[in-house]
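Reproduced below: upload_29.cif, with mmCIF, C-alpha atoms.
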```cif
data_final
loop_
_atom_site.label_atom_id
_atom_site.label_comp_id
_atom_site.auth_asym_id
_atom_site.auth_seq_id
_atom_site.Cartn_x
_atom_site.Cartn_y
_atom_site.Cartn_z
CA MET A 1 215.99 -84.83 16.40
CA ASN A 2 218.41 -84.41 13.47
CA LYS A 3 220.76 -81.43 13.34
CA GLY A 4 218.83 -79.58 10.67
CA VAL A 5 215.59 -79.75 12.64
CA TRP A 6 217.40 -78.81 15.84
CA PHE A 7 219.02 -75.78 14.22
CA LEU A 8 215.66 -74.59 12.86
CA THR A 9 214.14 -75.01 16.32
CA PHE A 10 217.04 -73.06 17.84
CA ILE A 11 216.57 -70.16 15.42
CA LEU A 12 212.81 -70.04 15.97
CA ILE A 13 213.20 -69.96 19.74
CA PHE A 14 216.16 -67.64 20.11
CA GLY A 15 215.90 -65.48 17.02
CA CYS A 16 212.93 -63.64 18.54
CA SER A 17 214.54 -62.83 21.86
CA SER A 18 215.32 -59.33 23.05
CA ASP A 19 219.01 -59.80 22.42
CA ASP A 20 219.43 -63.00 20.42
CA VAL A 21 220.37 -64.61 23.70
CA ALA A 22 222.42 -67.68 24.37
CA PRO A 23 221.30 -71.31 24.32
CA ASP A 24 221.31 -72.14 28.01
CA VAL A 25 217.93 -73.81 28.03
CA ILE A 26 215.45 -74.79 25.36
CA ASP A 27 211.86 -75.55 26.20
CA SER A 28 211.26 -79.18 25.28
CA GLY A 29 207.52 -78.61 25.25
CA VAL A 30 207.07 -81.21 27.98
CA GLU A 31 206.09 -80.20 31.51
CA GLU A 32 208.44 -81.83 33.98
CA GLU A 33 207.10 -82.95 37.33
CA SER A 34 209.13 -83.06 40.49
CA PRO A 35 210.12 -86.72 41.03
CA THR A 36 209.11 -86.70 44.69
CA ASN A 37 205.64 -86.96 46.16
CA THR A 38 206.17 -84.17 48.67
CA PRO A 39 207.36 -80.63 48.00
CA VAL A 40 210.05 -80.74 50.68
CA GLN A 41 212.33 -83.66 51.51
CA ASN A 42 214.14 -83.39 54.85
CA GLY A 43 216.76 -85.66 56.31
CA VAL A 44 219.77 -87.38 54.79
CA ILE A 45 219.18 -90.14 52.28
CA PRO A 46 222.51 -91.94 51.90
CA CYS A 47 223.90 -93.01 48.56
CA GLU A 48 223.67 -96.79 48.70
CA ASN A 49 224.11 -99.24 45.84
CA GLY A 50 224.23 -96.38 43.36
CA PHE A 51 221.10 -94.54 44.50
CA ALA A 52 219.99 -92.01 47.11
CA GLY A 53 216.29 -92.73 47.01
CA ILE A 54 215.44 -92.35 43.32
CA TYR A 55 218.56 -90.36 42.45
CA PRO A 56 221.57 -92.06 40.82
CA CYS A 57 224.72 -91.22 42.78
CA SER A 58 228.28 -92.06 43.64
CA GLY A 59 230.03 -90.59 46.66
CA TYR A 60 227.33 -88.02 47.55
CA ASP A 61 224.24 -88.24 49.75
CA LEU A 62 221.00 -86.33 49.40
CA VAL A 63 220.50 -83.96 52.35
CA ALA A 64 217.40 -82.00 51.33
CA HIS A 65 215.22 -81.13 48.37
CA ILE A 66 212.67 -78.35 47.81
CA ALA A 67 210.43 -78.62 44.76
CA LEU A 68 209.64 -75.66 42.51
CA ASP A 69 206.03 -75.49 43.70
CA VAL A 70 207.23 -74.24 47.08
CA PHE A 71 208.78 -71.23 45.36
CA SER A 72 205.66 -70.59 43.25
CA ALA A 73 207.81 -71.03 40.17
CA ASN A 74 207.93 -73.35 37.18
CA GLU A 75 211.62 -73.09 36.36
CA ALA A 76 214.94 -72.66 38.18
CA ASN A 77 218.25 -71.44 36.84
CA ASP A 78 221.38 -70.09 38.55
CA ILE A 79 222.47 -70.60 42.16
CA TRP A 80 224.97 -68.96 44.52
CA GLY A 81 225.64 -68.81 48.25
CA TRP A 82 226.22 -66.36 51.08
CA THR A 83 227.67 -66.92 54.54
CA ASP A 84 226.76 -64.29 57.12
CA THR A 85 230.06 -63.42 58.79
CA GLU A 86 228.24 -62.08 61.85
CA THR A 87 226.09 -65.14 62.57
CA GLY A 88 227.90 -67.87 60.64
CA LYS A 89 224.63 -68.88 58.98
CA GLU A 90 224.71 -70.15 55.42
CA TYR A 91 222.16 -69.21 52.78
CA ALA A 92 221.37 -70.38 49.28
CA ILE A 93 220.30 -67.86 46.62
CA MET A 94 218.55 -69.49 43.67
CA GLY A 95 217.36 -67.89 40.47
CA LEU A 96 213.85 -68.64 39.25
CA ALA A 97 212.06 -67.67 36.07
CA ASN A 98 210.00 -65.14 38.05
CA GLY A 99 212.46 -64.00 40.71
CA THR A 100 215.17 -64.96 43.19
CA ALA A 101 214.68 -67.30 46.15
CA PHE A 102 216.51 -67.08 49.49
CA ILE A 103 216.91 -70.23 51.59
CA ASP A 104 218.40 -70.61 55.07
CA ILE A 105 220.47 -73.80 54.94
CA SER A 106 222.13 -73.48 58.35
CA ASP A 107 220.34 -76.66 59.34
CA ALA A 108 221.00 -78.50 56.11
CA GLU A 109 218.49 -81.24 56.80
CA ASN A 110 215.78 -78.67 57.43
CA PRO A 111 216.26 -75.80 54.99
CA ILE A 112 213.91 -72.84 55.39
CA TYR A 113 212.57 -71.01 52.36
CA LEU A 114 212.61 -67.37 53.49
CA GLY A 115 211.07 -65.67 50.49
CA LYS A 116 211.49 -64.30 47.00
CA LEU A 117 212.70 -61.13 45.35
CA PRO A 118 210.41 -60.86 42.30
CA THR A 119 211.88 -60.13 38.90
CA ALA A 120 212.34 -56.41 38.25
CA THR A 121 210.30 -56.55 35.03
CA THR A 122 209.13 -59.78 33.40
CA SER A 123 209.82 -63.48 33.79
CA SER A 124 212.78 -65.03 31.99
CA SER A 125 214.49 -68.41 31.82
CA TRP A 126 217.80 -66.62 32.43
CA ARG A 127 218.67 -65.10 35.79
CA ASP A 128 222.06 -64.91 37.43
CA VAL A 129 223.18 -63.86 40.89
CA LYS A 130 226.52 -63.19 42.57
CA VAL A 131 227.45 -61.83 46.01
CA PHE A 132 229.76 -59.05 47.18
CA GLU A 133 230.14 -58.75 50.94
CA ASP A 134 226.55 -58.65 52.27
CA TYR A 135 224.79 -57.84 49.00
CA ALA A 136 223.36 -59.97 46.21
CA TYR A 137 223.45 -58.68 42.63
CA VAL A 138 220.87 -60.13 40.26
CA VAL A 139 220.68 -59.80 36.48
CA SER A 140 218.32 -61.35 33.95
CA GLU A 141 217.59 -61.59 30.25
CA ALA A 142 214.22 -59.99 31.05
CA ASN A 143 213.82 -56.72 29.14
CA ASN A 144 215.07 -53.63 31.01
CA HIS A 145 215.78 -55.65 34.14
CA GLY A 146 219.09 -54.00 35.01
CA VAL A 147 220.91 -55.12 38.16
CA GLN A 148 218.83 -55.72 41.29
CA ILE A 149 220.70 -55.16 44.55
CA PHE A 150 219.52 -56.94 47.70
CA ASP A 151 220.84 -56.42 51.22
CA LEU A 152 221.31 -59.95 52.52
CA LYS A 153 221.49 -58.78 56.12
CA LYS A 154 217.69 -58.57 56.00
CA LEU A 155 217.66 -62.38 56.16
CA ARG A 156 219.28 -62.50 59.62
CA ASP A 157 216.18 -62.32 61.77
CA LEU A 158 213.89 -64.44 59.61
CA ASN A 159 212.97 -67.97 60.58
CA ASN A 160 209.97 -68.70 58.40
CA GLY A 161 209.28 -68.07 54.82
CA SER A 162 207.43 -67.08 51.73
CA GLN A 163 208.02 -63.35 52.16
CA ILE A 164 208.00 -61.10 49.14
CA PHE A 165 211.11 -58.94 49.28
CA THR A 166 211.92 -55.63 47.64
CA SER A 167 215.30 -54.65 46.27
CA ASP A 168 217.53 -52.15 48.07
CA GLY A 169 218.90 -50.70 44.88
CA ARG A 170 218.75 -51.14 41.13
CA TYR A 171 221.28 -50.22 38.48
CA THR A 172 219.41 -49.38 35.27
CA ASN A 173 222.12 -48.06 32.96
CA LEU A 174 221.93 -51.37 31.16
CA GLY A 175 218.87 -53.36 30.13
CA ASN A 176 219.14 -57.12 30.11
CA ALA A 177 222.28 -59.07 31.00
CA HIS A 178 222.94 -62.77 30.73
CA ASN A 179 225.29 -63.00 33.67
CA ILE A 180 227.15 -61.02 36.30
CA VAL A 181 230.69 -61.64 37.52
CA ILE A 182 232.20 -60.21 40.71
CA ASN A 183 235.82 -59.93 41.76
CA GLU A 184 235.55 -59.64 45.52
CA ASP A 185 239.22 -58.62 45.77
CA SER A 186 238.80 -55.51 43.65
CA GLY A 187 235.21 -54.64 44.56
CA PHE A 188 233.99 -54.58 40.97
CA ALA A 189 231.00 -56.26 39.35
CA TYR A 190 231.01 -57.20 35.67
CA PRO A 191 227.66 -57.69 33.92
CA VAL A 192 228.13 -59.60 30.66
CA GLY A 193 225.88 -60.69 27.82
CA THR A 194 224.11 -57.36 27.57
CA ALA A 195 222.51 -55.93 24.42
CA ARG A 196 224.74 -56.54 21.43
CA ASN A 197 224.22 -52.98 20.22
CA ASP A 198 225.08 -51.30 23.53
CA GLN A 199 228.18 -49.18 24.12
CA PHE A 200 230.30 -52.27 24.77
CA ASN A 201 228.86 -54.52 22.02
CA GLY A 202 227.37 -56.99 24.50
CA GLY A 203 230.78 -57.39 26.11
CA VAL A 204 231.45 -56.43 29.73
CA HIS A 205 230.48 -53.40 31.85
CA PHE A 206 232.76 -52.40 34.74
CA LEU A 207 230.71 -51.48 37.82
CA ASP A 208 232.44 -50.01 40.86
CA LEU A 209 230.82 -51.31 44.07
CA GLN A 210 232.44 -48.82 46.45
CA ASN A 211 228.88 -47.83 47.30
CA PRO A 212 227.35 -51.32 47.14
CA VAL A 213 223.76 -50.10 46.68
CA VAL A 214 224.62 -47.50 44.05
CA PRO A 215 227.15 -48.96 41.59
CA THR A 216 228.89 -46.60 39.21
CA LEU A 217 230.08 -47.29 35.68
CA ALA A 218 233.88 -47.24 35.44
CA GLY A 219 234.23 -48.36 31.82
CA GLY A 220 233.83 -51.50 29.79
CA TRP A 221 235.26 -53.67 27.04
CA GLY A 222 233.79 -55.33 23.97
CA LEU A 223 236.36 -55.55 21.19
CA ASN A 224 235.52 -59.21 20.55
CA GLY A 225 231.76 -58.83 20.75
CA TYR A 226 229.26 -60.60 22.97
CA THR A 227 230.60 -62.16 26.17
CA HIS A 228 228.34 -64.95 27.38
CA ASP A 229 230.09 -65.62 30.68
CA ALA A 230 233.42 -64.83 32.32
CA GLN A 231 235.65 -65.07 35.33
CA VAL A 232 237.61 -62.11 36.69
CA ILE A 233 240.52 -62.71 39.06
CA THR A 234 243.31 -60.83 40.75
CA TYR A 235 246.05 -62.85 39.12
CA ASN A 236 248.55 -64.77 41.25
CA GLY A 237 249.88 -67.34 38.81
CA VAL A 238 253.22 -68.21 37.25
CA ASP A 239 253.28 -65.42 34.64
CA ALA A 240 255.24 -62.87 36.69
CA ARG A 241 254.39 -60.03 34.30
CA TYR A 242 250.79 -60.01 35.48
CA VAL A 243 250.91 -60.92 39.16
CA GLY A 244 248.54 -58.52 40.94
CA SER A 245 246.76 -57.57 37.71
CA GLU A 246 243.02 -57.93 37.29
CA ILE A 247 242.50 -60.48 34.53
CA PHE A 248 239.23 -61.05 32.66
CA VAL A 249 238.71 -64.35 30.84
CA GLY A 250 235.57 -64.30 28.73
CA ALA A 251 233.62 -67.02 26.96
CA ASN A 252 232.68 -65.19 23.77
CA GLU A 253 230.52 -67.71 21.87
CA ASP A 254 233.23 -68.87 19.43
CA LEU A 255 236.46 -68.04 21.27
CA VAL A 256 238.03 -67.35 24.65
CA VAL A 257 239.40 -63.87 25.37
CA VAL A 258 242.02 -62.93 27.95
CA VAL A 259 242.09 -59.23 28.87
CA ASP A 260 244.04 -57.21 31.43
CA ILE A 261 241.43 -54.87 32.89
CA SER A 262 243.54 -53.43 35.70
CA ASP A 263 243.25 -49.99 34.12
CA LYS A 264 239.50 -49.59 33.65
CA ASN A 265 240.11 -46.80 31.16
CA ALA A 266 242.49 -48.81 28.99
CA PRO A 267 241.89 -52.60 28.97
CA VAL A 268 244.55 -54.58 27.10
CA THR A 269 243.76 -57.76 25.15
CA LEU A 270 246.38 -60.37 25.99
CA ALA A 271 245.13 -63.32 23.94
CA THR A 272 242.26 -64.85 22.02
CA LEU A 273 242.07 -68.60 21.64
CA SER A 274 239.94 -71.30 20.13
CA TYR A 275 239.73 -75.10 20.11
CA PRO A 276 238.56 -77.89 17.76
CA ASN A 277 234.87 -78.12 16.79
CA VAL A 278 233.75 -74.89 18.43
CA SER A 279 229.96 -74.76 18.82
CA TYR A 280 229.22 -72.37 21.70
CA THR A 281 232.01 -71.26 24.04
CA HIS A 282 230.09 -71.10 27.29
CA GLN A 283 231.86 -70.79 30.68
CA GLY A 284 235.10 -71.55 32.45
CA TRP A 285 236.98 -71.35 35.74
CA PHE A 286 240.62 -71.14 36.82
CA THR A 287 242.33 -73.72 38.96
CA GLU A 288 243.26 -72.21 42.31
CA ASP A 289 246.90 -71.71 41.30
CA HIS A 290 245.73 -69.81 38.18
CA ARG A 291 247.75 -72.19 35.99
CA TYR A 292 244.86 -73.86 34.14
CA PHE A 293 241.52 -72.62 32.85
CA ILE A 294 238.75 -75.25 32.57
CA LEU A 295 236.16 -74.49 29.89
CA GLY A 296 232.89 -75.91 28.63
CA ASP A 297 231.26 -75.63 25.19
CA GLU A 298 227.48 -75.80 25.53
CA LEU A 299 226.50 -76.98 22.06
CA ASP A 300 229.21 -79.39 20.91
CA GLU A 301 227.39 -82.37 22.39
CA VAL A 302 224.26 -81.29 20.51
CA ASN A 303 225.78 -80.28 17.18
CA VAL A 304 228.60 -82.79 16.84
CA GLY A 305 227.53 -85.65 19.10
CA PHE A 306 230.47 -85.69 21.51
CA ARG A 307 230.25 -87.07 24.98
CA THR A 308 230.51 -84.24 27.52
CA ARG A 309 233.67 -82.33 26.53
CA THR A 310 235.68 -80.22 28.97
CA PHE A 311 238.70 -78.24 27.73
CA ILE A 312 241.72 -77.46 29.88
CA PHE A 313 243.97 -74.58 28.81
CA ASP A 314 247.49 -74.09 30.13
CA MET A 315 247.71 -70.41 31.14
CA GLU A 316 251.39 -70.38 32.07
CA ASP A 317 251.86 -67.63 29.50
CA LEU A 318 248.79 -65.37 29.61
CA GLU A 319 249.71 -63.94 26.23
CA ASN A 320 249.95 -67.37 24.65
CA PRO A 321 247.64 -69.91 26.33
CA VAL A 322 247.56 -73.39 24.80
CA LEU A 323 245.07 -76.25 24.87
CA HIS A 324 246.51 -78.68 27.39
CA HIS A 325 243.94 -81.49 27.58
CA THR A 326 240.39 -82.43 26.61
CA TYR A 327 238.35 -84.50 29.05
CA SER A 328 235.42 -86.60 27.84
CA GLY A 329 232.67 -87.54 30.28
CA PRO A 330 230.77 -90.82 30.48
CA THR A 331 227.53 -89.55 28.91
CA GLY A 332 226.32 -87.36 26.07
CA ALA A 333 224.77 -84.86 28.49
CA ILE A 334 225.43 -81.16 27.84
CA ASP A 335 227.92 -79.40 30.10
CA HIS A 336 226.93 -76.12 31.73
CA ASN A 337 228.54 -74.19 34.63
CA GLY A 338 231.67 -75.53 36.29
CA TYR A 339 233.59 -74.43 39.40
CA VAL A 340 236.91 -75.37 40.98
CA LEU A 341 237.40 -76.08 44.67
CA GLY A 342 240.84 -77.35 45.59
CA ASP A 343 241.61 -80.42 43.51
CA GLU A 344 238.01 -80.91 42.39
CA PHE A 345 235.99 -79.51 39.52
CA PHE A 346 232.21 -79.41 40.09
CA LEU A 347 230.39 -79.57 36.77
CA ALA A 348 226.69 -78.87 36.29
CA ASN A 349 226.00 -81.41 33.57
CA TYR A 350 222.29 -80.87 32.84
CA THR A 351 220.56 -84.28 32.61
CA ALA A 352 223.60 -86.08 34.06
CA GLY A 353 223.43 -84.03 37.25
CA VAL A 354 226.49 -82.80 39.14
CA ARG A 355 229.74 -84.49 38.14
CA VAL A 356 232.84 -84.13 40.32
CA LEU A 357 236.17 -84.40 38.53
CA ASP A 358 239.49 -85.12 40.19
CA ILE A 359 241.98 -82.55 38.88
CA ALA A 360 244.82 -83.23 41.35
CA ASP A 361 247.06 -84.47 38.52
CA ILE A 362 245.84 -82.06 35.86
CA GLU A 363 249.45 -81.19 34.98
CA ASN A 364 249.94 -84.72 33.62
CA LYS A 365 246.54 -84.70 31.88
CA ASN A 366 245.04 -87.12 34.37
CA VAL A 367 241.47 -85.96 34.92
CA THR A 368 238.91 -88.51 36.10
CA GLU A 369 235.39 -88.52 37.46
CA LYS A 370 235.42 -89.33 41.16
CA ALA A 371 231.77 -88.78 42.16
CA PHE A 372 228.37 -87.60 40.94
CA PHE A 373 224.81 -86.88 42.02
CA ASP A 374 222.05 -86.91 39.42
CA THR A 375 219.04 -84.75 40.35
CA TYR A 376 217.42 -85.57 36.99
CA PRO A 377 216.94 -89.34 37.14
CA SER A 378 214.77 -89.60 34.01
CA ASN A 379 217.68 -89.92 31.59
CA ASP A 380 221.11 -88.61 30.61
CA ASN A 381 220.00 -87.42 27.18
CA THR A 382 221.56 -84.57 25.24
CA GLN A 383 218.91 -82.02 26.14
CA PHE A 384 218.50 -78.79 28.10
CA ALA A 385 217.01 -80.13 31.32
CA GLY A 386 218.27 -80.98 34.79
CA VAL A 387 221.10 -79.23 36.63
CA TRP A 388 221.70 -75.60 35.73
CA SER A 389 224.38 -74.85 38.32
CA VAL A 390 226.18 -75.92 41.48
CA TYR A 391 227.78 -73.96 44.33
CA PRO A 392 230.48 -75.82 46.31
CA TYR A 393 232.03 -73.03 48.40
CA PHE A 394 230.43 -73.28 51.85
CA GLU A 395 232.96 -73.98 54.60
CA SER A 396 230.55 -76.56 56.01
CA GLY A 397 230.95 -78.71 52.92
CA LYS A 398 227.31 -78.40 51.86
CA ILE A 399 226.87 -78.43 48.10
CA ILE A 400 223.80 -76.65 46.73
CA VAL A 401 222.34 -77.45 43.34
CA SER A 402 219.71 -75.84 41.12
CA ASP A 403 217.75 -78.12 38.81
CA ILE A 404 215.74 -76.42 36.07
CA ASN A 405 212.86 -78.84 36.41
CA ASN A 406 213.14 -80.22 39.93
CA GLY A 407 214.15 -77.27 42.08
CA PHE A 408 216.62 -76.95 44.93
CA PHE A 409 218.92 -79.65 46.33
CA ILE A 410 221.50 -79.94 49.09
CA ILE A 411 224.00 -82.76 48.77
CA GLN A 412 227.06 -83.75 50.79
CA LYS A 413 229.96 -86.16 50.53
CA SER A 414 229.16 -89.63 51.76
CA ASN A 415 230.88 -90.82 54.91
#
```

Please re-express this file's structure in structure tokens.
Amino acid sequence: MNKGVWFLTFILIFGCSSDDVAPDVIDSGVEEESPTNTPVQNGVIPCENGFAGIYPCSGYDLVAHIALDVFSANEANDIWGWTDTETGKEYAIMGLANGTAFIDISDAENPIYLGKLPTATTSSSWRDVKVFEDYAYVVSEANNHGVQIFDLKKLRDLNNGSQIFTSDGRYTNLGNAHNIVINEDSGFAYPVGTARNDQFNGGVHFLDLQNPVVPTLAGGWGLNGYTHDAQVITYNGVDARYVGSEIFVGANEDLVVVVDISDKNAPVTLATLSYPNVSYTHQGWFTEDHRYFILGDELDEVNVGFRTRTFIFDMEDLENPVLHHTYSGPTGAIDHNGYVLGDEFFLANYTAGVRVLDIADIENKNVTEKAFFDTYPSNDNTQFAGVWSVYPYFESGKIIVSDINNGFFIIQKSN
């Protein structure tokens, strides 16, 4: 549709939300069916001649797939992982419109759906989960949802599924939140994208997880308004002034903010930065050496017509970051969440699936696509469908993927 019609549609859909929330997914009005005939696909389907079964691919095989029907849900969103340090088992945690699903993926070819933690209040297209030690923390755009806290150790003795779980704690000193960030080094959680008229202007709340089931508010920051997403790190980069500091980098709709939040009572803004043709500053992630920050804008493909754009900022000077390079993908699909692992950047690219970028020579502005797996084979259109997120951090090498329309996937590098 043309831009004027799209903008009117956007306003009609999001202008009535509880908090004028962000444009992560727009209902196309078309019910999507899972592209497989069975609700669960087990066993590796290798990527051969550009396909793993019906899924376009390059360099990644399909290991398993679970359709949304199995979770009694009609929509998926965020995904994260947990490895039980006592048993070594790996688990996927996937957000759904009506709750949070827990999946034992220890046997990747035979994943076991263990059950669901229902939403704390109402259903919502937006749900986000992160993990600290043995606890999952779940937020949602659902009204008055707060932060659900779930003791993951309860999954240890389960070997069959479809249980309905209850939370082990719930933080209710905030209502809805778009996302939650955790710095495992500091033991703090950071809900972002809360109500724009709250005490931190929809910015970030600082939650101390010293008691993991009963978080306590330690402050917050919101001088630049609503923070849609963020990463918080204990900095260990080249800017010697801030080594050991806790650094917050927020995607604040129309700019990026860099804040030293080491002192929870006195956060210090280090920099704000922008880039050409800003549409909706969405989410970003540091390279492992903390030198570069890789950022996506969620609406530039829609509003301007770019191919997938990914921005790379040089963070050598945290008080004066500069735009280092702009990568353009092969399709016009919208970019969503992206995560760095070593010399690779895993990008959830909606209808274009998961795209894996080689960032080994990022210093010299050489960024190329090295692999992909497309869980949404219908098309690569510029629309809010397909892959919401990807989690690449299991030591086993399993990659888990959440597809809004088609559910849960496990993929792995081809031999």

Nearest residue to A:Gly342 from the set A:Leu158, A:Thr272, A:Glu288, A:Ser328 (distances using only C-alpha atoms):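 Of all the options, A:Glu288 lies closest to A:Gly342.
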
Hits of the PyMOL selection byres ((chain A and resi 173) around 12) in this structure, as a list in words: Asn144, His145, Gly146, Val147, Gln148, Arg170, Tyr171, Thr172, Leu174, Gly175, Asn176, Ala177, Pro191, Thr194, Ala195, Asp198, Gln199, His205, Phe206, Leu207, Val214, Pro215, Thr216 and Leu217 of chain A

Got a sec to check which residues sit within 8 Å of (205.6, -77.4, 49.7), counting all atoms listed in the file, and write them as a PDB file with C-alpha atoms, keeping the file's coordinate frame?
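Saved the output as result28.pdb:
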```
ATOM      1  CA  THR A  38     206.170 -84.170  48.670  1.00  0.00           C
ATOM      2  CA  PRO A  39     207.360 -80.630  48.000  1.00  0.00           C
ATOM      3  CA  VAL A  40     210.050 -80.740  50.680  1.00  0.00           C
ATOM      4  CA  ILE A  66     212.670 -78.350  47.810  1.00  0.00           C
ATOM      5  CA  ALA A  67     210.430 -78.620  44.760  1.00  0.00           C
ATOM      6  CA  ASP A  69     206.030 -75.490  43.700  1.00  0.00           C
ATOM      7  CA  VAL A  70     207.230 -74.240  47.080  1.00  0.00           C
TER       8      VAL A  70
END
```

Tell me, as a VMD selection string, which residues lie within 7 Å of A:Leu117, counting all atoms listed in the file; anything in the same chain fewer than 5 positions away does not count. chain A and resid 99 to 101 164 to 166

Output of the PyMOL selection byres ((chain A and resi 156) around 12), listed as an mmCIF file with C-alpha atoms, keeping the file's coordinate frame:
```cif
data_model
loop_
_atom_site.group_PDB
_atom_site.id
_atom_site.type_symbol
_atom_site.label_atom_id
_atom_site.label_comp_id
_atom_site.auth_asym_id
_atom_site.auth_seq_id
_atom_site.Cartn_x
_atom_site.Cartn_y
_atom_site.Cartn_z
ATOM 1 C CA TRP A 82 226.220 -66.360 51.080
ATOM 2 C CA THR A 83 227.670 -66.920 54.540
ATOM 3 C CA ASP A 84 226.760 -64.290 57.120
ATOM 4 C CA THR A 85 230.060 -63.420 58.790
ATOM 5 C CA GLU A 86 228.240 -62.080 61.850
ATOM 6 C CA THR A 87 226.090 -65.140 62.570
ATOM 7 C CA GLY A 88 227.900 -67.870 60.640
ATOM 8 C CA LYS A 89 224.630 -68.880 58.980
ATOM 9 C CA GLU A 90 224.710 -70.150 55.420
ATOM 10 C CA TYR A 91 222.160 -69.210 52.780
ATOM 11 C CA PHE A 102 216.510 -67.080 49.490
ATOM 12 C CA ILE A 103 216.910 -70.230 51.590
ATOM 13 C CA ASP A 104 218.400 -70.610 55.070
ATOM 14 C CA SER A 106 222.130 -73.480 58.350
ATOM 15 C CA LEU A 114 212.610 -67.370 53.490
ATOM 16 C CA ASP A 134 226.550 -58.650 52.270
ATOM 17 C CA ASP A 151 220.840 -56.420 51.220
ATOM 18 C CA LEU A 152 221.310 -59.950 52.520
ATOM 19 C CA LYS A 153 221.490 -58.780 56.120
ATOM 20 C CA LYS A 154 217.690 -58.570 56.000
ATOM 21 C CA LEU A 155 217.660 -62.380 56.160
ATOM 22 C CA ASP A 157 216.180 -62.320 61.770
ATOM 23 C CA LEU A 158 213.890 -64.440 59.610
ATOM 24 C CA ASN A 159 212.970 -67.970 60.580
ATOM 25 C CA ASN A 160 209.970 -68.700 58.400
#
```

My list of candidates is A:Gly53, A:Gly203, A:Pro392, A:Gly284. Which is closest to A:Asn337 when distances are computed with all atoms listed in the file?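 Of the candidates, the smallest distance to A:Asn337 is held by A:Gly284.
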
Measuring between only C-alpha atoms, which one of A:Asp24, A:Asp317, A:His228, A:Asp335 shows the shortest distance to A:Val243? A:Asp317

Would you list the contacts of A:Ile54 as a list in words, taking every protein, DNA or RNA residue within 12 Å and counting only C-alpha atoms, but skipping same-chain residues closer than 2 positions in sequence? Ser34, Pro35, Thr36, Asn37, Ile45, Pro46, Cys47, Glu48, Asn49, Gly50, Phe51, Ala52, Pro56, Cys57, Asp61, Leu62, Phe373, Asp374, Thr375, Tyr376, Pro377 and Ser378 of chain A

Among listed residues A:Val131, A:Val139, A:Ala266, A:Ile411, nearest A:Asn77 (using all atoms listed in the file):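 Smallest separation from A:Asn77 among the options: A:Val139.
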